[in-house]
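Q: Sending over query.cif (mmCIF, C-alpha atoms).
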data_run
#
loop_
_atom_site.group_PDB
_atom_site.id
_atom_site.type_symbol
_atom_site.label_atom_id
_atom_site.label_comp_id
_atom_site.auth_asym_id
_atom_site.auth_seq_id
_atom_site.Cartn_x
_atom_site.Cartn_y
_atom_site.Cartn_z
ATOM 1 C CA MET A 1 41.497 -49.902 51.308
ATOM 2 C CA ILE A 2 39.157 -48.948 48.478
ATOM 3 C CA ILE A 3 36.976 -51.886 47.469
ATOM 4 C CA ILE A 4 35.468 -51.974 43.978
ATOM 5 C CA GLY A 5 32.731 -54.603 44.026
ATOM 6 C CA GLU A 6 33.096 -56.956 41.076
ATOM 7 C CA LYS A 7 29.910 -59.037 41.208
ATOM 8 C CA LEU A 8 27.704 -57.102 38.747
ATOM 9 C CA ASN A 9 29.419 -58.507 35.695
ATOM 10 C CA GLY A 10 27.727 -60.201 32.755
ATOM 11 C CA SER A 11 30.570 -62.713 32.527
ATOM 12 C CA VAL A 12 29.331 -64.233 35.810
ATOM 13 C CA PRO A 13 26.824 -66.975 34.839
ATOM 14 C CA SER A 14 24.139 -65.947 37.351
ATOM 15 C CA VAL A 15 24.376 -62.289 36.315
ATOM 16 C CA LYS A 16 24.379 -63.260 32.637
ATOM 17 C CA GLU A 17 21.149 -65.178 33.211
ATOM 18 C CA ALA A 18 19.620 -62.245 35.115
ATOM 19 C CA ILE A 19 20.495 -59.902 32.253
ATOM 20 C CA LYS A 20 19.002 -62.281 29.713
ATOM 21 C CA ALA A 21 15.774 -62.570 31.753
ATOM 22 C CA ARG A 22 15.810 -58.846 32.641
ATOM 23 C CA ASN A 23 15.576 -59.876 36.293
ATOM 24 C CA GLU A 24 15.675 -56.482 37.987
ATOM 25 C CA GLN A 25 15.317 -57.873 41.506
ATOM 26 C CA PHE A 26 18.443 -60.022 41.156
ATOM 27 C CA ILE A 27 20.551 -57.034 40.073
ATOM 28 C CA TYR A 28 19.001 -54.831 42.780
ATOM 29 C CA ASP A 29 19.675 -57.350 45.558
ATOM 30 C CA LEU A 30 23.254 -57.990 44.424
ATOM 31 C CA ALA A 31 23.964 -54.256 44.485
ATOM 32 C CA VAL A 32 22.526 -53.915 47.998
ATOM 33 C CA ARG A 33 24.485 -56.895 49.335
ATOM 34 C CA GLN A 34 27.799 -55.554 47.994
ATOM 35 C CA ALA A 35 27.145 -52.088 49.382
ATOM 36 C CA LYS A 36 26.288 -53.498 52.813
ATOM 37 C CA ALA A 37 29.485 -55.556 52.721
ATOM 38 C CA GLY A 38 31.546 -52.374 52.411
ATOM 39 C CA ALA A 39 32.107 -51.787 48.680
ATOM 40 C CA HIS A 40 33.101 -48.178 47.982
ATOM 41 C CA TYR A 41 32.289 -48.480 44.257
ATOM 42 C CA LEU A 42 30.230 -50.997 42.311
ATOM 43 C CA ASP A 43 31.670 -52.172 39.018
ATOM 44 C CA VAL A 44 28.919 -52.530 36.403
ATOM 45 C CA CYS A 45 29.832 -54.573 33.334
ATOM 46 C CA ALA A 46 27.262 -55.811 30.818
ATOM 47 C CA GLY A 47 29.442 -58.495 29.260
ATOM 48 C CA THR A 48 26.912 -58.977 26.467
ATOM 49 C CA ASN A 49 26.967 -58.814 22.686
ATOM 50 C CA PRO A 50 28.393 -55.510 21.424
ATOM 51 C CA GLU A 51 25.093 -54.473 19.838
ATOM 52 C CA ASP A 52 23.281 -54.864 23.197
ATOM 53 C CA GLU A 53 26.018 -53.622 25.537
ATOM 54 C CA ALA A 54 25.085 -49.944 25.863
ATOM 55 C CA ASP A 55 21.374 -50.646 26.429
ATOM 56 C CA THR A 56 22.180 -53.361 28.971
ATOM 57 C CA LEU A 57 24.622 -51.109 30.819
ATOM 58 C CA VAL A 58 22.041 -48.340 31.111
ATOM 59 C CA TRP A 59 19.468 -50.871 32.368
ATOM 60 C CA MET A 60 21.914 -52.130 35.021
ATOM 61 C CA MET A 61 23.060 -48.642 36.008
ATOM 62 C CA ASP A 62 19.488 -47.465 36.586
ATOM 63 C CA ILE A 63 18.689 -50.449 38.819
ATOM 64 C CA VAL A 64 21.885 -50.140 40.853
ATOM 65 C CA GLN A 65 21.433 -46.404 41.359
ATOM 66 C CA ASP A 66 17.881 -46.973 42.582
ATOM 67 C CA ALA A 67 19.175 -49.609 44.998
ATOM 68 C CA VAL A 68 22.199 -47.887 46.576
ATOM 69 C CA LYS A 69 24.026 -44.567 46.828
ATOM 70 C CA VAL A 70 27.423 -46.149 46.148
ATOM 71 C CA PRO A 71 29.081 -44.630 43.050
ATOM 72 C CA LEU A 72 29.489 -46.739 39.938
ATOM 73 C CA CYS A 73 32.566 -48.061 38.221
ATOM 74 C CA ILE A 74 31.432 -48.126 34.579
ATOM 75 C CA ASP A 75 33.188 -51.056 32.947
ATOM 76 C CA SER A 76 33.529 -51.821 29.253
ATOM 77 C CA PRO A 77 36.389 -52.686 26.885
ATOM 78 C CA ASN A 78 34.719 -50.360 24.385
ATOM 79 C CA VAL A 79 35.310 -46.703 25.275
ATOM 80 C CA ARG A 80 32.647 -45.639 22.794
ATOM 81 C CA VAL A 81 30.103 -47.567 24.844
ATOM 82 C CA ILE A 82 31.331 -45.850 28.012
ATOM 83 C CA ALA A 83 30.966 -42.464 26.313
ATOM 84 C CA LYS A 84 27.425 -43.373 25.298
ATOM 85 C CA VAL A 85 26.213 -44.394 28.786
ATOM 86 C CA PHE A 86 28.357 -42.006 30.849
ATOM 87 C CA LYS A 87 25.656 -39.363 31.395
ATOM 88 C CA ASN A 88 23.291 -41.916 32.938
ATOM 89 C CA ALA A 89 25.415 -41.932 36.101
ATOM 90 C CA LYS A 90 23.879 -39.731 38.807
ATOM 91 C CA ILE A 91 27.128 -39.080 40.709
ATOM 92 C CA PRO A 92 30.801 -39.221 39.706
ATOM 93 C CA GLY A 93 32.459 -42.620 39.995
ATOM 94 C CA ILE A 94 35.203 -44.456 38.130
ATOM 95 C CA ILE A 95 35.672 -45.212 34.438
ATOM 96 C CA ASN A 96 37.016 -48.723 33.847
ATOM 97 C CA SER A 97 39.206 -48.281 31.876
ATOM 98 C CA VAL A 98 41.809 -46.553 29.724
ATOM 99 C CA SER A 99 45.176 -47.818 28.502
ATOM 100 C CA ALA A 100 47.765 -46.985 25.866
ATOM 101 C CA GLU A 101 45.750 -49.028 23.361
ATOM 102 C CA GLY A 102 44.179 -47.256 20.404
ATOM 103 C CA GLU A 103 42.117 -44.146 21.138
ATOM 104 C CA LYS A 104 41.064 -44.953 24.688
ATOM 105 C CA CYS A 105 42.717 -41.974 26.400
ATOM 106 C CA GLU A 106 41.658 -39.648 23.619
ATOM 107 C CA VAL A 107 37.996 -40.594 24.099
ATOM 108 C CA ILE A 108 37.779 -40.827 27.894
ATOM 109 C CA PHE A 109 39.941 -37.954 29.131
ATOM 110 C CA PRO A 110 37.966 -35.166 27.381
ATOM 111 C CA LEU A 111 34.811 -36.853 28.705
ATOM 112 C CA ILE A 112 35.824 -36.532 32.375
ATOM 113 C CA GLU A 113 37.724 -33.238 32.112
ATOM 114 C CA GLY A 114 36.336 -30.707 34.575
ATOM 115 C CA THR A 115 34.494 -33.385 36.596
ATOM 116 C CA ASP A 116 35.214 -35.389 39.745
ATOM 117 C CA TRP A 117 35.316 -38.694 37.858
ATOM 118 C CA LYS A 118 38.244 -41.036 38.403
ATOM 119 C CA VAL A 119 39.693 -43.544 35.970
ATOM 120 C CA ILE A 120 41.403 -46.934 36.013
ATOM 121 C CA ALA A 121 44.502 -47.016 33.810
ATOM 122 C CA LEU A 122 45.757 -50.378 32.568
ATOM 123 C CA THR A 123 49.483 -50.762 31.901
ATOM 124 C CA CYS A 124 49.158 -52.233 28.420
ATOM 125 C CA ASP A 125 49.424 -50.929 24.878
ATOM 126 C CA ASN A 126 48.785 -52.148 21.342
ATOM 127 C CA ALA A 127 51.436 -54.836 21.848
ATOM 128 C CA GLY A 128 49.625 -56.243 24.903
ATOM 129 C CA ILE A 129 50.809 -56.565 28.513
ATOM 130 C CA PRO A 130 54.554 -55.893 28.807
ATOM 131 C CA ALA A 131 56.674 -58.615 30.345
ATOM 132 C CA ASP A 132 58.717 -56.181 32.480
ATOM 133 C CA SER A 133 57.867 -53.579 35.097
ATOM 134 C CA GLU A 134 59.932 -50.867 33.399
ATOM 135 C CA LYS A 135 57.707 -50.902 30.312
ATOM 136 C CA ARG A 136 54.565 -50.936 32.451
ATOM 137 C CA THR A 137 55.887 -47.883 34.295
ATOM 138 C CA GLU A 138 56.643 -46.181 30.983
ATOM 139 C CA ILE A 139 53.058 -46.787 29.831
ATOM 140 C CA THR A 140 51.763 -45.339 33.109
ATOM 141 C CA ARG A 141 53.843 -42.222 32.581
ATOM 142 C CA SER A 142 52.475 -41.737 29.056
ATOM 143 C CA ILE A 143 48.871 -42.142 30.273
ATOM 144 C CA VAL A 144 49.385 -39.668 33.139
ATOM 145 C CA GLU A 145 50.930 -37.133 30.764
ATOM 146 C CA LYS A 146 47.882 -37.386 28.509
ATOM 147 C CA ALA A 147 45.593 -37.021 31.532
ATOM 148 C CA LEU A 148 47.393 -33.902 32.739
ATOM 149 C CA LYS A 149 46.664 -32.207 29.420
ATOM 150 C CA HIS A 150 43.001 -32.434 30.443
ATOM 151 C CA SER A 151 43.645 -31.271 34.027
ATOM 152 C CA ILE A 152 43.187 -34.810 35.370
ATOM 153 C CA SER A 153 45.638 -35.085 38.264
ATOM 154 C CA PRO A 154 47.381 -38.331 39.297
ATOM 155 C CA ASP A 155 45.250 -38.638 42.450
ATOM 156 C CA ARG A 156 42.242 -39.300 40.172
ATOM 157 C CA ILE A 157 43.981 -42.226 38.481
ATOM 158 C CA PHE A 158 43.899 -45.859 39.649
ATOM 159 C CA VAL A 159 46.790 -47.623 37.947
ATOM 160 C CA ASP A 160 46.310 -51.344 37.403
ATOM 161 C CA PRO A 161 49.736 -52.960 36.804
ATOM 162 C CA LEU A 162 47.886 -56.012 35.420
ATOM 163 C CA VAL A 163 48.928 -58.902 37.592
ATOM 164 C CA THR A 164 49.128 -62.030 35.447
ATOM 165 C CA ALA A 165 48.440 -65.630 36.406
ATOM 166 C CA LEU A 166 51.019 -67.141 38.739
ATOM 167 C CA SER A 167 50.540 -70.446 36.937
ATOM 168 C CA THR A 168 52.106 -68.970 33.798
ATOM 169 C CA ASP A 169 54.564 -66.502 35.349
ATOM 170 C CA ASN A 170 56.215 -67.350 38.656
ATOM 171 C CA THR A 171 57.377 -63.723 39.036
ATOM 172 C CA SER A 172 53.925 -62.195 38.498
ATOM 173 C CA LEU A 173 53.558 -60.785 42.014
ATOM 174 C CA LEU A 174 57.142 -59.499 42.026
ATOM 175 C CA LYS A 175 56.580 -57.605 38.786
ATOM 176 C CA PHE A 176 53.334 -56.173 40.138
ATOM 177 C CA ILE A 177 55.044 -54.891 43.284
ATOM 178 C CA GLU A 178 58.029 -53.547 41.363
ATOM 179 C CA THR A 179 55.720 -51.626 39.014
ATOM 180 C CA LEU A 180 53.732 -50.339 42.002
ATOM 181 C CA ARG A 181 56.894 -48.990 43.631
ATOM 182 C CA TYR A 182 58.228 -47.396 40.446
ATOM 183 C CA VAL A 183 54.909 -45.683 39.739
ATOM 184 C CA LYS A 184 54.495 -44.365 43.297
ATOM 185 C CA GLU A 185 58.032 -42.967 43.270
ATOM 186 C CA ILE A 186 57.098 -40.865 40.245
ATOM 187 C CA TYR A 187 53.508 -40.038 41.259
ATOM 188 C CA PRO A 188 53.116 -40.277 45.061
ATOM 189 C CA THR A 189 49.387 -39.436 44.985
ATOM 190 C CA ILE A 190 48.428 -41.980 42.335
ATOM 191 C CA LYS A 191 46.404 -45.005 43.445
ATOM 192 C CA VAL A 192 47.199 -48.609 42.567
ATOM 193 C CA THR A 193 44.467 -51.194 42.090
ATOM 194 C CA SER A 194 44.193 -54.729 40.765
ATOM 195 C CA GLY A 195 41.805 -57.432 39.695
ATOM 196 C CA LEU A 196 43.305 -59.583 42.406
ATOM 197 C CA SER A 197 41.747 -62.940 41.456
ATOM 198 C CA ASN A 198 43.739 -62.938 38.182
ATOM 199 C CA ILE A 199 46.818 -64.040 40.135
ATOM 200 C CA SER A 200 45.309 -67.456 40.942
ATOM 201 C CA PHE A 201 43.900 -68.388 37.539
ATOM 202 C CA GLY A 202 44.671 -72.021 36.757
ATOM 203 C CA MET A 203 45.767 -72.793 40.323
ATOM 204 C CA PRO A 204 44.237 -75.116 42.920
ATOM 205 C CA LEU A 205 43.091 -73.525 46.206
ATOM 206 C CA ARG A 206 42.611 -70.182 44.482
ATOM 207 C CA LYS A 207 41.240 -68.487 47.588
ATOM 208 C CA ILE A 208 44.520 -69.101 49.453
ATOM 209 C CA ILE A 209 46.552 -67.576 46.622
ATOM 210 C CA ASN A 210 44.181 -64.589 46.456
ATOM 211 C CA GLN A 211 44.325 -63.918 50.199
ATOM 212 C CA ASN A 212 48.102 -64.011 50.296
ATOM 213 C CA PHE A 213 48.429 -61.844 47.204
ATOM 214 C CA LEU A 214 46.079 -59.331 48.819
ATOM 215 C CA ALA A 215 48.083 -59.231 52.053
ATOM 216 C CA LEU A 216 51.444 -58.826 50.290
ATOM 217 C CA ALA A 217 50.106 -56.205 47.879
ATOM 218 C CA LEU A 218 48.533 -54.196 50.710
ATOM 219 C CA TYR A 219 51.784 -54.276 52.658
ATOM 220 C CA ASN A 220 53.623 -52.929 49.607
ATOM 221 C CA GLY A 221 51.192 -50.053 49.023
ATOM 222 C CA MET A 222 48.259 -51.242 46.935
ATOM 223 C CA ASP A 223 45.345 -48.867 47.584
ATOM 224 C CA SER A 224 42.424 -50.695 46.019
ATOM 225 C CA ALA A 225 41.172 -53.957 44.578
ATOM 226 C CA ILE A 226 38.436 -55.025 42.206
ATOM 227 C CA MET A 227 37.125 -57.921 44.257
ATOM 228 C CA ASP A 228 34.181 -59.774 45.731
ATOM 229 C CA PRO A 229 33.162 -57.792 48.837
ATOM 230 C CA LEU A 230 30.904 -60.679 49.874
ATOM 231 C CA ASN A 231 33.935 -62.913 50.405
ATOM 232 C CA ARG A 232 34.370 -63.015 54.192
ATOM 233 C CA ASP A 233 37.943 -64.331 53.990
ATOM 234 C CA LEU A 234 39.055 -61.441 51.777
ATOM 235 C CA ARG A 235 37.319 -58.906 54.016
ATOM 236 C CA ALA A 236 39.049 -60.423 57.040
ATOM 237 C CA THR A 237 42.411 -60.266 55.250
ATOM 238 C CA ILE A 238 41.947 -56.557 54.527
ATOM 239 C CA LEU A 239 40.943 -55.755 58.115
ATOM 240 C CA ALA A 240 43.769 -57.843 59.572
ATOM 241 C CA CYS A 241 46.330 -56.133 57.337
ATOM 242 C CA GLU A 242 45.027 -52.670 58.224
ATOM 243 C CA ALA A 243 45.251 -53.506 61.927
ATOM 244 C CA LEU A 244 48.753 -54.977 61.591
ATOM 245 C CA LEU A 245 49.947 -51.990 59.544
ATOM 246 C CA GLY A 246 48.773 -49.506 62.180
ATOM 247 C CA ARG A 247 45.861 -48.207 60.122
ATOM 248 C CA ASP A 248 43.130 -49.312 62.532
ATOM 249 C CA ARG A 249 43.357 -47.337 65.779
ATOM 250 C CA LEU A 250 42.903 -49.660 68.757
ATOM 251 C CA CYS A 251 41.764 -52.320 66.223
ATOM 252 C CA ARG A 252 38.275 -50.806 66.323
ATOM 253 C CA LYS A 253 37.367 -51.809 62.765
ATOM 254 C CA TRP A 254 38.461 -55.380 63.460
ATOM 255 C CA PHE A 255 36.421 -55.679 66.659
ATOM 256 C CA ASP A 256 33.422 -53.966 65.075
ATOM 257 C CA ALA A 257 33.446 -56.330 62.088
ATOM 258 C CA TYR A 258 33.739 -59.325 64.430
ATOM 259 C CA ARG A 259 30.824 -58.172 66.585
ATOM 260 C CA LYS A 260 28.672 -57.658 63.480
ATOM 261 C CA LYS A 261 29.680 -61.151 62.284
ATOM 262 C CA LEU A 262 31.143 -59.720 59.062
ATOM 263 C CA ILE A 263 34.272 -61.806 59.597
ATOM 264 C CA GLY A 264 35.087 -65.037 61.387
#
Go through the file and emit its structure as structure tokens.
A:
Amino acid sequence: MIIIGEKLNGSVPSVKEAIKARNEQFIYDLAVRQAKAGAHYLDVCAGTNPEDEADTLVWMMDIVQDAVKVPLCIDSPNVRVIAKVFKNAKIPGIINSVSAEGEKCEVIFPLIEGTDWKVIALTCDNAGIPADSEKRTEITRSIVEKALKHSISPDRIFVDPLVTALSTDNTSLLKFIETLRYVKEIYPTIKVTSGLSNISFGMPLRKIINQNFLALALYNGMDSAIMDPLNRDLRATILACEALLGRDRLCRKWFDAYRKKLIG
């Protein structure tokens, strides 16, 4: 499974404080720890005031790229900010994100046309997150059609069906899985990702909810997650699922992780 490390986010209090103090060592060390834990991409999100966001993102990107060779996932709700900092990335990574809202596709897709960059596509539009999986699938189709006009194939798109909090919608996981299946029927090479901790918002024992969501989503075809790679329980869940689903020949990854004390 493709792990997108979520820790370098200005909404996290410790990262927010490091950004405020311009603590380069904190950002550097956090990047290294996530990479060593197996993150395939590192999400970098400034989470600061709009007037400071681009400068802060560039500052973070430079530190992370000095620390590790893992590609970035450039994260901002403002696509104009992404366009401004995009060229500071040394190697292609992931843009986080586009959706059917406003001009997002129109700004990002020309930017990554003719490159190896990938993109996360959120299944929402100007009306917000749809309540049903059919509408989410329809939004995915419209985003993919726009991407194809710029020669961006489905295999470069990570669709996020936007799992909502279980505490407010008891069918949240079911809708996520239904959307996943619909989308993969139409575009077999597309990837599906999620911000998996959203499912447990407002619930007690959040880590238990997150682990079980992860296992069920993996079984049903989720390819990726934006998650904390430093969380040993989540890493163990991924490795156990891959072994149980026949994706870990002779359980070598499981035994290797156990010997290195990465799990258990």
Q: Starting from the PyMOL selection byres ((chain A and resi 43-45) around 6), expand the selection into actual residues of this file and give them as a PyMOL selection string.
A: chain A and resi 5-6+8-9+42+46-47+72-75
Q: For CA of Ile186 (chain A) and CA of Ser172 (chain A), quote the distance in Å rounded to one decimal.
A: 21.6 Å
Q: When the PyMOL selection byres ((chain A and resi 210) around 12) is applied to the file above, which residues end up in the set, as number ranges by chain?
A: A: 163, 165-166, 173, 194-201, 203-209, 211-217, 225-228, 231, 233-235, 237-238
Q: How far is it from CA of Tyr219 (chain A) to CA of Ile190 (chain A), in Å with one decimal?
A: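 Between CA of Tyr219 (chain A) and CA of Ile190 (chain A) the gap is 16.4 Å.
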Q: Distance CA of Asp155 (chain A)-CA of Val119 (chain A), one decimal place?
A: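 Taking CA of Asp155 (chain A) as the start and CA of Val119 (chain A) as the end point, the length is 9.8 Å.
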Q: Under the rule that all atoms listed in the file are counted, which of A:Leu244, A:Ala37, A:Ala100, A:Val15 is the nearest residue to Ile263 (chain A)?
A: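 Distance minimum relative to Ile263 (chain A) lands on A:Ala37.
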Q: Name the residues captured by the PyMOL selection byres ((chain A and resi 183) around 10) when it is applied to the shown file; answer as a list in words.
A: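 Checked against the file, the PyMOL selection byres ((chain A and resi 183) around 10) matches Ser133, Glu134, Arg136, Thr137, Glu138, Thr140, Arg141, Val159, Pro161, Ile177, Glu178, Thr179, Leu180, Arg181, Tyr182, Lys184, Glu185, Ile186, Tyr187, Pro188, Thr189, Ile190, Lys191 and Val192 of chain A.
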Q: Pick out the closest residue to Ala54 (chain A) from this set: A:Val85, A:Val79, A:Ala39, A:Ile2. Count only C-alpha atoms.
A: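 Of A:Val85, A:Val79, A:Ala39, A:Ile2, the one nearest Ala54 (chain A), counting only C-alpha atoms, is A:Val85.
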Q: Please enclose the listed atoms of region 163-178 of chain A in an axis-aligned box, pad each side by 6 Å, and write out the centre and the three edge lengths in Å, rounded to one decimal, as JSON.
A:
{"center_x": 53.2, "center_y": -62.0, "center_z": 38.5, "size_x": 21.6, "size_y": 28.9, "size_z": 21.5}
Q: Against region 17-22 of chain A, which residues of region 33-132 of chain A fall within 9 Å? For each one I want the closest pair of atoms and the distance in Å (one decimal), counting all atoms listed in the file, rows by chain and increasing residue number, as a Markdown table.
A:
| residue | atom | partner | partner_atom | distance |
| --- | --- | --- | --- | --- |
| A:Ala46 | CA | A:Ile19 | CA | 8.0 |
| A:Thr48 | CA | A:Ile19 | CA | 8.7 |
| A:Thr56 | CA | A:Ile19 | CA | 7.5 |
| A:Trp59 | CA | A:Arg22 | CA | 8.8 |
| A:Met60 | CA | A:Ile19 | CA | 8.4 |
